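Scroll down for the structure; my scribbles are underneath it.
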Amino acid sequence: MSVQRDENKPADSTAGPSEEIRLPIDEHIEEEVSASGKKVRARGVYLLPNLITTGALFSGFYAIVAGMNGHFEAAAIAIFVAMVLDGLDGRVARLTDTQSAFGVQYDSLSDMVSFGLAPALVAFSWALKTLGKFGWAIAFLYAACAALRLARFNTQVGTVDKGVFIGLASPTAAAIVAGMVWAGHDVEVGPILAIIAALVTGAAGLLMVSNFRYISFKRLDFKGRVPFVMMLVVILVFSLVTIDPAGVLLTLAVLYTLSGPIMWLWGRFHPKPASGATEGDSVEAKDGE
């Protein structure tokens with residue numbers, strides 16, 4: 001027979017072992033859908049995916065500290081490490097069937113630190129601080145745009161095609177800023193370089209809240225077979241990254257970033273014919289034959 005405690009009465013320090021002992025820390029409880037399709041209340045959080053997310057959060061925090069201490073190369077590398085971990089936690093959660101609402105929100109907050117605050121503060125410590133108030137205004141613009149980008153993404157998860165991103169993804173924007181810092185960490189920052197850094201940082205921030213469409217690569221099938229030449233391409237990319245990590249990663253991030261505006265311009269000057277017009281033209285062609 002289980003013992004139930006009246007919640008209106010103070011806890012008795014001599015309670016028996018059958019009563020539940022709770023730590024003075026809020027216990028997380030959320031509703032999940034079981035294998036049978038029924039909603040169940042689950043207590044606690046999944047360790048593995050959230051552990052990877054914590055690693056990404058730590059990398060972003062370390063980047064901020066390293067940038068404040070003038071270790072800009074280490075700060076930039078830490079942001080790229082956070083990108084790798086951020087790409088792993090979601091895939092690990094799906095592979096191990098450990099997805100949860102808590103993990104989604106925790107990942108979003110980690111992204112804000114690693115790809116919102118960290119790049120802005122590292123860029124400010126590296127070059128933007130020489131511009132005075134304009135420099136910290138640009139840094140804040142980037143951080144605010146990252147917050148808006150993440151908030152918009154969280155509210156559009158169920159309504160937007162998973163094959164595309166609306167606006168530049170925050171990890172890619174962080175890659176541009178971090179790659180710029182990494183490539184110029186040993187260069188003396190002058191007024192011209194500081195202005196270039198401000199323009200790049202501001203543009204990366206504004207692209208995050210733009211309506212440009214970017215390929216998300218979420219539909220890539222890593223389990224399926226690919227042509228043998230794809231493995232040669234992967235090996236070539238790894239070789240190039242080994243030769244000049246900062247330059248190659250920055251170049252790849254810039255090319256991906258430019259793909260959104262280029263596809264938008266292509267669509268403006270080469271609009272697709274409406275489905276109705278296409279069908280009408282085909283009908284007219286058949287009638288004329």
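As shown in the structure tokens, the chain order sets the letters A, B, ...; within each chain, residues go from 1, and ligands are also counted from 1 in the order they appear.
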
- Task: Please return as a ChimeraX atom specification: the residues of stretch 39-278 of chain A that backbone DSSP assigns to helix (DSSP H, G or I).
- Result: /A:47-68,72-95,101-126,128-131,133-155,170-183,191-208,228-243,245-269,275-278

- Item | For stretch 126-141 of chain A: contacts at 10 Å, only C-alpha atoms, fewer than 3 positions along chain excluded, given as a ChimeraX atom specification | /A:67-68,70-72,116-117,119-123,144-147,181,184-185,188-191,193-206

- Check the smallest atom-to-atom distance from each of A:Gly60, A:Gly260, A:Gly247, A:Gly267 to A:Pro171 using only C-alpha atoms, then report the winner.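 When distances to A:Pro171 are compared using only C-alpha atoms, the smallest one comes from A:Gly60.
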
Closest atom pairs, residues of stretch 130-195 of chain A within 10 Å of stretch 80-95 of chain A, only C-alpha atoms, as a tab-separated table:
```
residue	atom	partner	partner_atom	distance
A:Ser170	CA	A:Met83	CA	9.7
A:Pro171	CA	A:Met83	CA	6.1
A:Thr172	CA	A:Met83	CA	8.6
A:Ala174	CA	A:Phe80	CA	8.3
A:Ala175	CA	A:Phe80	CA	6.8
A:Ala178	CA	A:Phe80	CA	7.6
A:Gly179	CA	A:Phe80	CA	8.6
```

Please produce an output containing N, CA, C and O atoms for each residue in the selection, written as a compact mmCIF listing (two decimals), in the first residue's frame.
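Result went into part-v9.txt, see below:
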```txt
# COMPACT_ATOMS: atom_id res chain seq x y z
N SER A 170 21.85 30.71 -39.05
CA SER A 170 22.78 31.33 -38.11
C SER A 170 24.15 30.66 -38.08
O SER A 170 25.16 31.37 -37.94
N PRO A 171 24.28 29.32 -38.21
CA PRO A 171 25.62 28.75 -38.26
C PRO A 171 26.44 29.24 -39.45
O PRO A 171 27.66 29.45 -39.33
N THR A 172 25.80 29.43 -40.61
CA THR A 172 26.53 29.92 -41.78
C THR A 172 26.95 31.37 -41.58
O THR A 172 28.07 31.76 -41.96
N ALA A 174 27.58 32.74 -38.75
CA ALA A 174 28.68 32.67 -37.80
C ALA A 174 29.96 32.21 -38.49
O ALA A 174 31.06 32.66 -38.14
N ALA A 175 29.84 31.30 -39.47
CA ALA A 175 31.02 30.82 -40.20
C ALA A 175 31.67 31.96 -40.98
O ALA A 175 32.91 32.02 -41.09
N ALA A 178 33.34 34.22 -38.21
CA ALA A 178 34.46 33.51 -37.59
C ALA A 178 35.58 33.24 -38.61
O ALA A 178 36.76 33.33 -38.28
N GLY A 179 35.20 32.90 -39.86
CA GLY A 179 36.21 32.68 -40.89
C GLY A 179 36.98 33.96 -41.19
O GLY A 179 38.21 33.91 -41.43
```

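With atom CA of A:Leu207 on one side and atom CA of A:Asn50 on the other, the separation reads 28.7 Å.
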
- Query: Just how far from atom CA of A:Leu168 is atom CA of A:Pro49, in Å to one decimal?
  - Reply: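 We find that atom CA of A:Pro49 and atom CA of A:Leu168 lie 24.4 Å from each other.
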
- Select, from A:Ala151, A:Val248, A:Phe58, A:Arg213, the residue with the minimum atom-to-atom distance to A:Ile166, counting only C-alpha atoms. A:Arg213
